[in-house]
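entry_5.cif follows (mmCIF, C-alpha atoms):
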data_run
loop_
_atom_site.label_atom_id
_atom_site.label_comp_id
_atom_site.auth_asym_id
_atom_site.auth_seq_id
_atom_site.Cartn_x
_atom_site.Cartn_y
_atom_site.Cartn_z
CA MET B 1 -136.17 64.37 35.46
CA ASN B 2 -135.77 68.10 35.33
CA PHE B 3 -133.91 69.51 32.37
CA LYS B 4 -133.46 73.00 33.81
CA ALA B 5 -131.97 71.68 37.03
CA MET B 6 -129.46 69.61 35.09
CA THR B 7 -128.39 72.52 33.00
CA ALA B 8 -127.99 74.53 36.18
CA ILE B 9 -125.73 71.87 37.66
CA ALA B 10 -123.64 71.90 34.53
CA VAL B 11 -123.31 75.67 34.59
CA ILE B 12 -122.37 75.84 38.26
CA ALA B 13 -119.87 73.04 37.87
CA THR B 14 -118.16 74.77 34.96
CA ALA B 15 -118.13 78.29 36.37
CA PRO B 16 -115.14 78.16 38.75
CA LEU B 17 -112.88 76.77 36.06
CA ALA B 18 -114.05 79.25 33.44
CA ALA B 19 -113.37 82.11 35.83
CA LEU B 20 -109.73 81.06 36.14
CA ALA B 21 -109.23 80.69 32.42
CA GLY B 22 -109.96 83.22 29.72
CA PRO B 23 -107.73 85.62 27.82
CA ASP B 24 -104.98 87.34 29.77
CA GLU B 25 -104.51 91.09 30.23
CA ASP B 26 -101.06 91.43 28.66
CA LYS B 27 -100.42 94.23 26.18
CA LEU B 28 -98.85 93.65 22.79
CA VAL B 29 -96.38 96.26 21.56
CA VAL B 30 -94.18 95.09 18.70
CA ASN B 31 -90.59 96.37 18.46
CA GLY B 32 -91.39 98.77 21.26
CA GLU B 33 -93.41 100.90 18.85
CA ILE B 34 -96.38 99.24 17.15
CA GLU B 35 -99.22 99.17 19.67
CA MET B 36 -101.61 96.39 18.86
CA VAL B 37 -105.30 96.35 19.79
CA THR B 38 -105.69 92.76 21.03
CA LYS B 39 -109.00 93.34 22.81
CA THR B 40 -111.84 95.62 21.79
CA ALA B 41 -115.61 95.90 21.62
CA ALA B 42 -117.21 93.40 19.25
CA PRO B 43 -118.29 94.86 15.90
CA ALA B 44 -122.01 95.67 15.68
CA HIS B 45 -122.86 92.63 13.56
CA LEU B 46 -121.53 90.40 16.35
CA SER B 47 -122.93 92.21 19.36
CA ASP B 48 -125.69 89.69 20.06
CA ALA B 49 -123.08 86.93 20.31
CA LEU B 50 -120.02 88.57 21.91
CA ASP B 51 -119.25 91.70 23.93
CA GLU B 52 -115.50 91.72 23.41
CA ILE B 53 -113.23 90.34 20.75
CA TYR B 54 -109.69 89.16 21.46
CA SER B 55 -106.69 88.37 19.36
CA GLY B 56 -105.42 84.80 19.66
CA TRP B 57 -102.24 86.36 21.12
CA ARG B 58 -104.06 86.88 24.43
CA PHE B 59 -104.53 83.15 24.85
CA ARG B 60 -100.95 82.08 24.34
CA SER B 61 -98.29 81.47 27.00
CA ASP B 62 -95.94 84.29 28.01
CA GLU B 63 -93.10 82.55 26.17
CA THR B 64 -95.03 82.33 22.91
CA GLN B 65 -96.33 85.87 23.32
CA ALA B 66 -92.79 87.19 23.75
CA LEU B 67 -91.71 85.81 20.37
CA GLN B 68 -94.11 88.17 18.65
CA MET B 69 -93.01 91.27 20.51
CA ASP B 70 -89.78 91.80 18.64
CA ASP B 71 -89.07 91.12 14.98
CA PHE B 72 -85.63 89.77 15.88
CA ASP B 73 -87.33 87.02 17.89
CA ASN B 74 -90.23 86.42 15.51
CA PRO B 75 -89.37 83.29 13.48
CA ALA B 76 -91.78 84.41 10.73
CA MET B 77 -89.56 87.34 9.76
CA VAL B 78 -87.14 85.24 7.71
CA PHE B 79 -90.07 84.44 5.43
CA VAL B 80 -90.90 88.12 5.15
CA ASP B 81 -87.33 88.69 3.95
CA GLN B 82 -87.69 85.87 1.43
CA ALA B 83 -90.91 87.39 0.13
CA GLN B 84 -89.19 90.77 -0.20
CA ASP B 85 -86.77 89.07 -2.60
CA ALA B 86 -89.66 87.48 -4.46
CA TRP B 87 -91.34 90.90 -4.66
CA ASP B 88 -88.37 92.22 -6.61
CA THR B 89 -87.80 89.13 -8.75
CA VAL B 90 -88.89 89.14 -12.38
CA GLU B 91 -90.84 86.00 -13.26
CA GLY B 92 -93.11 84.81 -16.05
CA THR B 93 -93.66 85.60 -19.71
CA GLU B 94 -94.28 89.32 -19.20
CA GLY B 95 -90.86 90.01 -17.72
CA LYS B 96 -92.33 91.63 -14.61
CA SER B 97 -91.95 91.44 -10.85
CA CYS B 98 -94.47 92.63 -8.26
CA ALA B 99 -92.32 95.74 -7.96
CA SER B 100 -92.73 96.49 -11.67
CA CYS B 101 -96.35 97.39 -11.04
CA HIS B 102 -96.45 98.20 -7.32
CA ASP B 103 -93.03 99.83 -6.66
CA SER B 104 -92.15 99.77 -3.00
CA VAL B 105 -94.16 97.31 -0.93
CA GLU B 106 -94.03 99.65 2.08
CA GLU B 107 -96.02 102.29 0.26
CA SER B 108 -98.24 100.38 -2.13
CA MET B 109 -99.33 97.69 0.28
CA ALA B 110 -99.93 99.78 3.41
CA GLY B 111 -103.50 99.15 4.55
CA VAL B 112 -104.17 96.36 2.07
CA ARG B 113 -104.22 93.40 4.47
CA ALA B 114 -106.70 95.22 6.72
CA VAL B 115 -109.53 95.25 4.16
CA TYR B 116 -109.19 91.77 2.64
CA PRO B 117 -111.12 89.68 1.61
CA LYS B 118 -112.86 92.31 -0.49
CA TRP B 119 -114.99 92.78 -3.56
CA ASN B 120 -113.28 92.99 -6.95
CA GLU B 121 -115.60 94.92 -9.22
CA GLU B 122 -113.98 93.94 -12.49
CA ALA B 123 -113.99 90.23 -11.73
CA GLY B 124 -117.34 90.40 -9.96
CA GLU B 125 -116.12 88.27 -7.06
CA VAL B 126 -114.96 88.36 -3.48
CA ARG B 127 -111.18 88.06 -3.46
CA THR B 128 -108.89 86.91 -0.73
CA LEU B 129 -105.34 88.22 -0.65
CA ALA B 130 -104.14 84.85 -1.95
CA MET B 131 -106.56 85.04 -4.89
CA GLN B 132 -105.38 88.54 -5.71
CA ILE B 133 -101.72 87.53 -5.53
CA ASN B 134 -102.33 84.61 -7.87
CA ASP B 135 -104.36 86.79 -10.22
CA CYS B 136 -101.40 89.15 -10.53
CA ARG B 137 -99.02 86.26 -11.07
CA GLU B 138 -101.15 84.62 -13.73
CA ASN B 139 -102.58 87.57 -15.59
CA LYS B 140 -100.09 90.40 -15.05
CA MET B 141 -96.82 88.49 -14.89
CA GLY B 142 -97.62 85.41 -16.93
CA ALA B 143 -96.16 83.37 -14.09
CA GLU B 144 -97.42 80.19 -12.51
CA LYS B 145 -99.90 80.38 -9.67
CA TRP B 146 -98.63 79.59 -6.21
CA LYS B 147 -100.17 76.81 -4.15
CA TYR B 148 -102.94 78.38 -2.09
CA THR B 149 -101.54 77.39 1.29
CA GLY B 150 -97.91 76.90 0.22
CA GLY B 151 -94.79 78.48 1.62
CA GLN B 152 -94.36 81.12 -1.10
CA MET B 153 -97.95 82.26 -0.79
CA ALA B 154 -97.79 82.37 3.01
CA ALA B 155 -94.55 84.37 2.87
CA MET B 156 -95.96 86.91 0.40
CA GLU B 157 -99.07 87.30 2.55
CA ALA B 158 -96.77 87.91 5.51
CA LEU B 159 -94.81 90.59 3.65
CA ILE B 160 -98.03 92.33 2.65
CA SER B 161 -99.49 91.97 6.14
CA VAL B 162 -96.42 93.59 7.74
CA GLN B 163 -97.23 96.81 5.87
CA SER B 164 -100.54 97.04 7.77
CA ARG B 165 -99.41 95.98 11.22
CA GLY B 166 -101.22 97.94 13.91
CA MET B 167 -103.99 99.09 11.60
CA PRO B 168 -107.51 97.97 12.49
CA VAL B 169 -109.02 95.10 10.52
CA ASN B 170 -111.85 96.66 8.57
CA VAL B 171 -113.44 94.31 6.06
CA ALA B 172 -116.72 95.32 4.43
CA ILE B 173 -119.66 93.03 5.07
CA ASP B 174 -122.44 94.60 3.02
CA GLY B 175 -123.00 95.75 -0.53
CA PRO B 176 -121.82 93.24 -3.12
CA VAL B 177 -120.11 90.98 -0.55
CA LYS B 178 -123.24 90.55 1.55
CA GLU B 179 -124.27 87.24 0.03
CA THR B 180 -120.80 85.73 0.49
CA TRP B 181 -120.67 87.04 4.04
CA GLU B 182 -124.03 85.41 4.85
CA LYS B 183 -122.78 82.16 3.41
CA GLY B 184 -119.63 82.36 5.54
CA LYS B 185 -121.74 83.01 8.60
CA GLU B 186 -123.86 79.96 7.90
CA ILE B 187 -120.73 77.82 7.59
CA TYR B 188 -119.39 79.25 10.86
CA TYR B 189 -122.46 78.06 12.74
CA THR B 190 -122.89 74.70 10.98
CA ARG B 191 -122.07 71.66 13.11
CA TYR B 192 -119.90 69.56 10.82
CA GLY B 193 -118.58 66.05 11.07
CA GLN B 194 -119.18 63.06 13.24
CA LEU B 195 -118.41 65.19 16.30
CA GLU B 196 -121.06 67.70 15.17
CA LEU B 197 -119.03 70.78 16.12
CA SER B 198 -119.24 74.24 14.59
CA CYS B 199 -116.60 76.95 14.70
CA ALA B 200 -118.89 78.70 17.17
CA ASN B 201 -119.05 75.68 19.51
CA CYS B 202 -115.34 76.02 20.17
CA HIS B 203 -114.44 79.65 19.42
CA GLU B 204 -117.59 81.53 20.49
CA GLN B 205 -119.07 79.36 23.24
CA ASN B 206 -115.83 78.05 24.71
CA TYR B 207 -113.02 80.51 24.14
CA GLY B 208 -110.94 80.77 27.28
CA ASN B 209 -111.61 77.14 28.17
CA MET B 210 -109.10 74.33 27.83
CA ILE B 211 -109.92 71.58 25.35
CA ARG B 212 -107.43 68.89 26.30
CA ALA B 213 -104.05 70.70 26.11
CA ASP B 214 -105.29 73.59 24.00
CA HIS B 215 -106.39 76.95 25.34
CA LEU B 216 -109.28 77.90 23.07
CA SER B 217 -109.12 81.38 21.54
CA GLN B 218 -111.81 83.12 19.54
CA GLY B 219 -110.26 81.72 16.35
CA GLN B 220 -109.55 85.20 14.98
CA ILE B 221 -107.48 85.61 11.82
CA ASN B 222 -106.08 89.12 12.39
CA GLY B 223 -102.70 87.48 13.09
CA PHE B 224 -102.46 85.48 9.87
CA PRO B 225 -100.35 84.19 8.37
CA THR B 226 -99.10 82.75 11.60
CA TYR B 227 -95.86 81.00 12.46
CA ARG B 228 -96.70 77.91 14.48
CA LEU B 229 -94.10 76.44 16.78
CA LYS B 230 -95.86 73.12 16.32
CA ASN B 231 -95.01 72.78 12.62
CA ALA B 232 -92.24 75.40 12.42
CA LYS B 233 -93.61 77.17 9.36
CA LEU B 234 -95.95 79.93 8.28
CA ASN B 235 -99.58 78.86 8.17
CA THR B 236 -102.35 80.42 6.15
CA ALA B 237 -105.90 80.94 7.38
CA HIS B 238 -107.31 78.32 5.02
CA ALA B 239 -104.83 75.71 6.23
CA ARG B 240 -106.00 76.46 9.76
CA PHE B 241 -109.66 76.23 8.78
CA LYS B 242 -108.96 72.88 7.16
CA GLY B 243 -107.30 71.57 10.31
CA CYS B 244 -110.15 72.70 12.51
CA VAL B 245 -112.81 71.14 10.27
CA ARG B 246 -110.81 67.92 10.07
CA ASP B 247 -110.73 67.81 13.86
CA THR B 248 -114.52 67.51 13.94
CA ARG B 249 -114.17 64.19 12.05
CA ALA B 250 -115.54 65.93 8.97
CA GLU B 251 -114.73 65.93 5.29
CA THR B 252 -112.97 69.27 4.95
CA PHE B 253 -113.41 71.93 2.30
CA LYS B 254 -110.47 72.71 0.03
CA PRO B 255 -108.25 75.72 0.63
CA GLY B 256 -109.32 78.38 -1.85
CA SER B 257 -112.80 76.84 -2.25
CA ASP B 258 -115.84 79.12 -2.38
CA GLU B 259 -116.77 77.85 1.06
CA PHE B 260 -113.45 78.79 2.67
CA VAL B 261 -113.35 82.14 0.87
CA ALA B 262 -116.79 82.92 2.31
CA LEU B 263 -115.69 81.64 5.72
CA GLU B 264 -112.55 83.79 5.59
CA LEU B 265 -114.59 86.89 4.84
CA TYR B 266 -116.94 86.14 7.71
CA VAL B 267 -114.22 85.23 10.23
CA ALA B 268 -112.19 88.29 9.23
CA SER B 269 -115.25 90.47 9.89
CA ARG B 270 -115.55 89.03 13.39
CA GLY B 271 -112.17 90.64 14.01
CA ASN B 272 -113.06 94.10 12.70
CA GLY B 273 -111.40 96.49 15.15
CA LEU B 274 -108.50 94.24 16.18
CA SER B 275 -105.09 95.19 14.82
CA VAL B 276 -103.55 93.46 11.85
CA GLU B 277 -100.83 91.39 13.56
CA GLY B 278 -99.52 89.15 10.84
CA PRO B 279 -97.22 87.42 10.82
CA SER B 280 -98.03 86.33 14.36
CA VAL B 281 -96.56 83.52 16.46
CA ARG B 282 -98.72 80.77 17.90
CA ASN B 283 -98.09 77.35 19.35
CA MET Q 1 -98.21 56.21 15.05
CA LYS Q 2 -101.27 58.40 15.44
CA LEU Q 3 -102.71 57.06 12.22
CA ALA Q 4 -102.10 53.50 13.29
CA SER Q 5 -103.94 53.90 16.55
CA LEU Q 6 -106.87 55.55 14.80
CA THR Q 7 -107.12 52.72 12.32
CA LEU Q 8 -106.99 50.28 15.16
CA ALA Q 9 -109.82 52.11 16.89
CA ALA Q 10 -111.90 51.91 13.74
CA ALA Q 11 -111.25 48.21 13.41
CA LEU Q 12 -112.22 47.58 17.00
CA THR Q 13 -115.44 49.54 16.92
CA GLY Q 14 -116.50 47.94 13.64
CA GLY Q 15 -119.43 48.97 11.49
CA VAL Q 16 -121.79 46.15 12.23
CA ALA Q 17 -123.37 45.39 15.56
CA LEU Q 18 -122.54 41.95 16.92
CA ALA Q 19 -125.29 39.43 17.55
CA GLY Q 20 -127.32 40.41 20.59
CA GLU Q 21 -126.18 44.01 20.43
CA VAL Q 22 -128.48 46.96 19.92
CA ALA Q 23 -127.29 48.70 16.74
CA PRO Q 24 -126.91 52.49 16.81
CA LYS Q 25 -130.01 53.08 14.72
CA GLU Q 26 -132.12 50.79 16.92
CA VAL Q 27 -131.39 52.40 20.26
CA ALA Q 28 -134.55 53.30 22.19
CA PHE Q 29 -134.24 56.55 24.13
CA THR Q 30 -136.78 57.58 26.75
CA GLU Q 31 -138.37 60.99 26.42
CA ASP Q 32 -135.69 62.36 28.74
CA GLY Q 33 -132.82 60.88 26.77
CA ALA Q 34 -132.05 57.77 28.86
CA ILE Q 35 -131.49 54.25 27.53
CA GLU Q 36 -133.04 51.72 29.89
CA ALA Q 37 -131.62 48.46 28.54
CA SER Q 38 -127.97 47.47 28.20
CA LEU Q 39 -126.72 47.73 24.62
CA THR Q 40 -125.00 44.34 24.88
CA GLY Q 41 -126.38 42.38 27.82
CA THR Q 42 -122.79 42.03 29.05
CA PRO Q 43 -121.98 44.02 32.21
CA GLY Q 44 -119.60 46.91 31.62
CA ASP Q 45 -115.93 46.74 32.62
CA ALA Q 46 -115.24 49.89 34.65
CA ALA Q 47 -111.46 49.60 34.31
CA ASN Q 48 -111.68 49.49 30.53
CA GLY Q 49 -114.20 52.33 30.72
CA ALA Q 50 -111.65 54.44 32.60
CA MET Q 51 -109.12 53.81 29.85
CA ILE Q 52 -111.63 54.84 27.16
CA VAL Q 53 -112.55 58.04 28.99
CA GLY Q 54 -108.89 59.10 29.19
CA GLU Q 55 -107.56 57.80 25.89
CA LYS Q 56 -107.31 60.29 23.04
CA SER Q 57 -107.99 57.73 20.30
CA LYS Q 58 -111.04 56.36 22.18
CA GLY Q 59 -113.62 58.46 24.04
CA ASN Q 60 -111.22 61.32 24.77
CA CYS Q 61 -113.80 62.51 27.29
CA VAL Q 62 -111.12 64.32 29.28
CA ALA Q 63 -110.64 66.64 26.31
CA CYS Q 64 -113.73 68.39 27.63
CA HIS Q 65 -114.23 67.01 31.16
CA GLN Q 66 -112.19 66.97 34.32
CA VAL Q 67 -112.22 63.62 36.19
CA SER Q 68 -110.41 63.51 39.54
CA ALA Q 69 -110.36 59.69 39.52
CA LEU Q 70 -108.12 59.90 36.43
CA ALA Q 71 -105.68 62.38 37.98
CA ASP Q 72 -102.78 60.69 36.16
CA VAL Q 73 -104.25 61.62 32.77
CA PRO Q 74 -102.76 65.03 31.90
CA PHE Q 75 -104.55 67.99 30.29
CA GLN Q 76 -108.16 67.64 31.37
CA GLY Q 77 -110.52 70.03 29.65
CA GLU Q 78 -113.06 72.62 30.77
CA VAL Q 79 -115.62 72.58 27.98
CA GLY Q 80 -118.03 70.35 29.92
CA PRO Q 81 -118.70 70.03 33.67
CA SER Q 82 -116.50 67.90 35.92
CA LEU Q 83 -117.58 64.25 35.87
CA ASP Q 84 -116.85 63.85 39.58
CA GLY Q 85 -119.99 62.57 41.25
CA ALA Q 86 -121.70 61.74 37.94
CA GLY Q 87 -122.62 58.30 39.28
CA SER Q 88 -124.52 59.96 42.14
CA ARG Q 89 -126.25 62.57 39.97
CA TRP Q 90 -127.42 60.20 37.27
CA SER Q 91 -128.87 56.71 36.99
CA GLU Q 92 -127.18 54.06 34.87
CA ALA Q 93 -129.88 54.44 32.19
CA GLU Q 94 -129.39 58.19 32.10
CA LEU Q 95 -125.62 57.86 31.79
CA ARG Q 96 -126.01 55.34 28.96
CA GLY Q 97 -128.18 57.85 27.13
CA LEU Q 98 -125.73 60.69 27.83
CA VAL Q 99 -122.76 58.82 26.42
CA ALA Q 100 -124.64 57.36 23.43
CA ASN Q 101 -126.20 60.68 22.40
CA ALA Q 102 -126.11 63.55 24.89
CA LYS Q 103 -128.27 65.69 22.61
CA LYS Q 104 -131.28 63.63 23.68
CA THR Q 105 -130.71 64.84 27.25
CA PHE Q 106 -129.27 68.32 26.65
CA ASP Q 107 -130.79 69.88 23.58
CA GLY Q 108 -128.08 71.33 21.33
CA THR Q 109 -125.20 70.37 23.62
CA VAL Q 110 -121.61 70.67 22.41
CA MET Q 111 -120.99 67.08 23.54
CA PRO Q 112 -120.62 64.67 20.61
CA ALA Q 113 -122.76 61.53 20.28
CA PHE Q 114 -120.63 58.41 20.72
CA TYR Q 115 -123.14 55.82 19.49
CA LYS Q 116 -124.60 57.35 16.38
CA VAL Q 117 -123.87 56.66 12.71
CA ASP Q 118 -126.05 58.95 10.64
CA GLY Q 119 -127.57 62.41 10.42
CA PHE Q 120 -124.17 64.15 10.19
CA ILE Q 121 -123.19 67.06 7.93
CA ARG Q 122 -120.10 66.22 5.83
CA PRO Q 123 -118.92 63.39 8.04
CA GLY Q 124 -115.34 62.35 7.41
CA ASP Q 125 -113.23 59.22 7.56
CA ALA Q 126 -112.18 59.65 11.20
CA TYR Q 127 -109.57 62.47 11.39
CA THR Q 128 -108.28 62.26 7.82
CA GLY Q 129 -110.40 65.14 6.51
CA LYS Q 130 -111.50 62.87 3.67
CA ALA Q 131 -114.95 61.53 2.85
CA PRO Q 132 -115.64 58.14 4.40
CA ALA Q 133 -115.17 55.11 2.14
CA GLY Q 134 -118.20 53.26 3.50
CA PRO Q 135 -120.83 53.43 6.21
CA LEU Q 136 -119.71 55.13 9.42
CA SER Q 137 -118.92 53.30 12.61
CA PRO Q 138 -120.01 54.79 15.91
CA ILE Q 139 -117.10 56.43 17.75
CA LEU Q 140 -117.42 53.84 20.52
CA SER Q 141 -118.72 50.27 20.21
CA ALA Q 142 -121.75 49.06 22.17
CA GLN Q 143 -119.55 47.31 24.71
CA GLU Q 144 -117.30 50.34 25.02
CA ILE Q 145 -120.37 52.45 25.85
CA GLU Q 146 -121.29 49.93 28.55
CA ASP Q 147 -117.73 50.03 29.90
CA VAL Q 148 -117.77 53.83 30.07
CA VAL Q 149 -121.13 53.78 31.83
CA ALA Q 150 -119.77 51.26 34.35
CA PHE Q 151 -116.85 53.59 35.02
CA LEU Q 152 -119.09 56.65 35.37
CA MET Q 153 -121.22 54.73 37.91
CA THR Q 154 -118.12 54.47 40.13
CA LEU Q 155 -117.82 58.27 40.27
CA LYS Q 156 -119.81 58.85 43.47
CA ASP Q 157 -120.04 61.94 45.63
CA GLU Q 158 -117.68 61.83 48.61
CA SER Q 159 -120.38 62.58 51.19
#

So that I can check it, write out the structure of this file as structure tokens.
Amino acid sequence: MNFKAMTAIAVIATAPLAALAGPDEDKLVVNGEIEMVTKTAAPAHLSDALDEIYSGWRFRSDETQALQMDDFDNPAMVFVDQAQDAWDTVEGTEGKSCASCHDSVEESMAGVRAVYPKWNEEAGEVRTLAMQINDCRENKMGAEKWKYTGGQMAAMEALISVQSRGMPVNVAIDGPVKETWEKGKEIYYTRYGQLELSCANCHEQNYGNMIRADHLSQGQINGFPTYRLKNAKLNTAHARFKGCVRDTRAETFKPGSDEFVALELYVASRGNGLSVEGPSVRN
Amino acid sequence: MKLASLTLAAALTGGVALAGEVAPKEVAFTEDGAIEASLTGTPGDAANGAMIVGEKSKGNCVACHQVSALADVPFQGEVGPSLDGAGSRWSEAELRGLVANAKKTFDGTVMPAFYKVDGFIRPGDAYTGKAPAGPLSPILSAQEIEDVVAFLMTLKDES
């Protein structure tokens, strides 16, 4: 039996289908003014694996895509409004709101989403946006932490993300975060679970292909948090990671765990150059 | 509903090989990844094999493969090659090896192993996301593998 010949058969048999599939060529402009980069050259650290990177938006149906093109149609925007109220609401023992320290969210949070997760020098750790939000709540406001993947957290992430929409994702991968980034990369390529599938098996090797009813994207997180029509709520990146790991018949990691923080940093860096889109709409 | 059918699948596949069956850890693969002998000694049931190939809670092979003979099963995937003609391209022993553990035939393939119970990283309790309570069952039972192989053998080239 000839291994090469078999592989060749497999490749030829797959090719015609793959050629039909793939990301589409639609352009994303939100509210007729924010031009989103949904396709661009892969960042240098990824160039041996991918030539181009694509937002998940490119893989969705026209109907789903349309919902993200206007804030009046985007179901996630009600949560942004709720988070704006939370921003101004005094909570906790210190008698403070987010606004007490950060004033207007439009000004203070512009550009923030684009560079997270990032290194916090004082704490000596890589922080996700969720970790930073909870740090403020606990230590600056004396308020209770929010559940890592809960509705309030997702909404606040959405409000903060909106202030960076259209800006390029630009997370740092070297310096003090290097070790965490390497760890995230290792997790990305590890084949977990009884199905022995890695993130890369689906989102690097097979993006553009259908897996049952799902059109596989590159699994980018530039659009998070994302409103999913499937569960009619805002979803955080860690909730999505958990779902994807579970689907390999694996024991998942916990949202907010060191593993998922490292994975978030790494996955975010695979999207360096795409626009911050959150809150996006997906199926 | 989904949970119930998964539990049912687990109960049916069972952890322990029945008498006369080759247990997952005892399977003998040839150097090329084939399995010469039947895993059960009972001929496969192609009709049941067809069900397993299409059924989400069973083999769910159509998640990744297109199969024209199962045209009534919606949403066939594109991750693997079409299975049309597989019974002409491969011998029964080769197909048995491919379904039991395709990594023995295609090094590093994306295709999961359906008759394997160990060597996994963080295996879970089916699709719960939780750690398994006891030893793992293979995704398909020995007889289910034979049934799938019998079905694949019916997928001949037209010409």

| task | Show me which bits of chain Q are within 10 Å of chain B, counting only C-alpha atoms, as an MDAnalysis selection string. | result | chainID Q and resid 31:33 56 60:66 74:84 89:90 94 105:107 109:114 116:132 136:139

| request: Would you mind reading off the distance between CA of Gln132 (chain B) and CA of Tyr116 (chain B), one decimal, in Å? | output: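 Value for the CA of Gln132 (chain B)-CA of Tyr116 (chain B) distance: 9.7 Å.
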
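One finds CA of Ser280 (chain B) at 11.3 Å from CA of Asp73 (chain B).
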
| task | Run the PyMOL selection byres ((chain B and resi 177) around 9) against the file shown and list the residues it catches, as a PyMOL selection string. | result | chain B and resi 118-119+125-126+172-176+178-182+265

| field | 9 Å contact set for Asn48 (chain Q), all atoms listed in the file, chain neighbours under 4 positions out, as a list in words | value |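 Listed by chain and then number, they are Gly44, Ile52, Val53, Glu144, Asp147, Val148 and Phe151 of chain Q.
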
| task | Using only C-alpha atoms, find the one residue out of B:Ala143, B:Met69, B:Thr40, B:Gly151 that sits nearest to Gly95 (chain B). | result | B:Ala143

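Of the residues listed (Q:Val27, Q:Leu39, Q:Ala86, Q:Ala34), Q:Leu39 shows the shortest atom-to-atom separation from Glu146 (chain Q); distances use all atoms listed in the file.
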
| task | Mind giving me the straight-line distance from CA of His203 (chain B) to CA of Gln218 (chain B) in Å, one decimal? | result |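 Distance between the two atoms: 4.4 Å.
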
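Among the candidates Q:Leu140, Q:Val149, Q:Ala37, Q:Ala19, the residue lying nearest to Ala50 (chain Q) is Q:Val149 (atoms considered: only C-alpha atoms).
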
| field | Neighbour list for region 41-47 of chain B as a ChimeraX atom specification, cut-off 8 Å, only C-alpha atoms, skip fewer than 2 positions in-chain | value | /B:39,49-53,270-273

| said: Which residues are close to Val105 (chain B), i.e. within 12 Å by all atoms listed in the file, leaving aside same-chain residues fewer than 5 positions away? Reply as a PyMOL selection string. | reply: chain B and resi 80+83-88+97-100+110-112+156-164

For C-alpha atoms, I'd like the residues from the last selection saved as a PDB file, keeping the file's coordinate frame.
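As written to disk, again_19.pdb reads:
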ATOM      1  CA  VAL B  80     -90.900  88.120   5.150  1.00  0.00           C
ATOM      2  CA  ALA B  83     -90.910  87.390   0.130  1.00  0.00           C
ATOM      3  CA  GLN B  84     -89.190  90.770  -0.200  1.00  0.00           C
ATOM      4  CA  ASP B  85     -86.770  89.070  -2.600  1.00  0.00           C
ATOM      5  CA  ALA B  86     -89.660  87.480  -4.460  1.00  0.00           C
ATOM      6  CA  TRP B  87     -91.340  90.900  -4.660  1.00  0.00           C
ATOM      7  CA  ASP B  88     -88.370  92.220  -6.610  1.00  0.00           C
ATOM      8  CA  SER B  97     -91.950  91.440 -10.850  1.00  0.00           C
ATOM      9  CA  CYS B  98     -94.470  92.630  -8.260  1.00  0.00           C
ATOM     10  CA  ALA B  99     -92.320  95.740  -7.960  1.00  0.00           C
ATOM     11  CA  SER B 100     -92.730  96.490 -11.670  1.00  0.00           C
ATOM     12  CA  ALA B 110     -99.930  99.780   3.410  1.00  0.00           C
ATOM     13  CA  GLY B 111    -103.500  99.150   4.550  1.00  0.00           C
ATOM     14  CA  VAL B 112    -104.170  96.360   2.070  1.00  0.00           C
ATOM     15  CA  MET B 156     -95.960  86.910   0.400  1.00  0.00           C
ATOM     16  CA  GLU B 157     -99.070  87.300   2.550  1.00  0.00           C
ATOM     17  CA  ALA B 158     -96.770  87.910   5.510  1.00  0.00           C
ATOM     18  CA  LEU B 159     -94.810  90.590   3.650  1.00  0.00           C
ATOM     19  CA  ILE B 160     -98.030  92.330   2.650  1.00  0.00           C
ATOM     20  CA  SER B 161     -99.490  91.970   6.140  1.00  0.00           C
ATOM     21  CA  VAL B 162     -96.420  93.590   7.740  1.00  0.00           C
ATOM     22  CA  GLN B 163     -97.230  96.810   5.870  1.00  0.00           C
ATOM     23  CA  SER B 164    -100.540  97.040   7.770  1.00  0.00           C
TER      24      SER B 164
END

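Of the residues listed (B:Asn222, B:Thr89, B:Ser257, B:Asn31), B:Asn222 shows the shortest atom-to-atom separation from Arg113 (chain B); distances use all atoms listed in the file.
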
Specify as an mmCIF file with C-alpha atoms, keeping the file's coordinate frame each residue included when the PyMOL selection byres ((chain B and resi 64) around 12) is applied to this file.
data_model
loop_
_atom_site.group_PDB
_atom_site.id
_atom_site.type_symbol
_atom_site.label_atom_id
_atom_site.label_comp_id
_atom_site.auth_asym_id
_atom_site.auth_seq_id
_atom_site.Cartn_x
_atom_site.Cartn_y
_atom_site.Cartn_z
ATOM 1 C CA LEU B 28 -98.850 93.650 22.790
ATOM 2 C CA GLY B 56 -105.420 84.800 19.660
ATOM 3 C CA TRP B 57 -102.240 86.360 21.120
ATOM 4 C CA ARG B 58 -104.060 86.880 24.430
ATOM 5 C CA PHE B 59 -104.530 83.150 24.850
ATOM 6 C CA ARG B 60 -100.950 82.080 24.340
ATOM 7 C CA SER B 61 -98.290 81.470 27.000
ATOM 8 C CA ASP B 62 -95.940 84.290 28.010
ATOM 9 C CA GLU B 63 -93.100 82.550 26.170
ATOM 10 C CA GLN B 65 -96.330 85.870 23.320
ATOM 11 C CA ALA B 66 -92.790 87.190 23.750
ATOM 12 C CA LEU B 67 -91.710 85.810 20.370
ATOM 13 C CA GLN B 68 -94.110 88.170 18.650
ATOM 14 C CA MET B 69 -93.010 91.270 20.510
ATOM 15 C CA ASP B 70 -89.780 91.800 18.640
ATOM 16 C CA ASP B 73 -87.330 87.020 17.890
ATOM 17 C CA ASN B 74 -90.230 86.420 15.510
ATOM 18 C CA PRO B 75 -89.370 83.290 13.480
ATOM 19 C CA TYR B 227 -95.860 81.000 12.460
ATOM 20 C CA ARG B 228 -96.700 77.910 14.480
ATOM 21 C CA LEU B 229 -94.100 76.440 16.780
ATOM 22 C CA LYS B 230 -95.860 73.120 16.320
ATOM 23 C CA SER B 280 -98.030 86.330 14.360
ATOM 24 C CA VAL B 281 -96.560 83.520 16.460
ATOM 25 C CA ARG B 282 -98.720 80.770 17.900
ATOM 26 C CA ASN B 283 -98.090 77.350 19.350
#
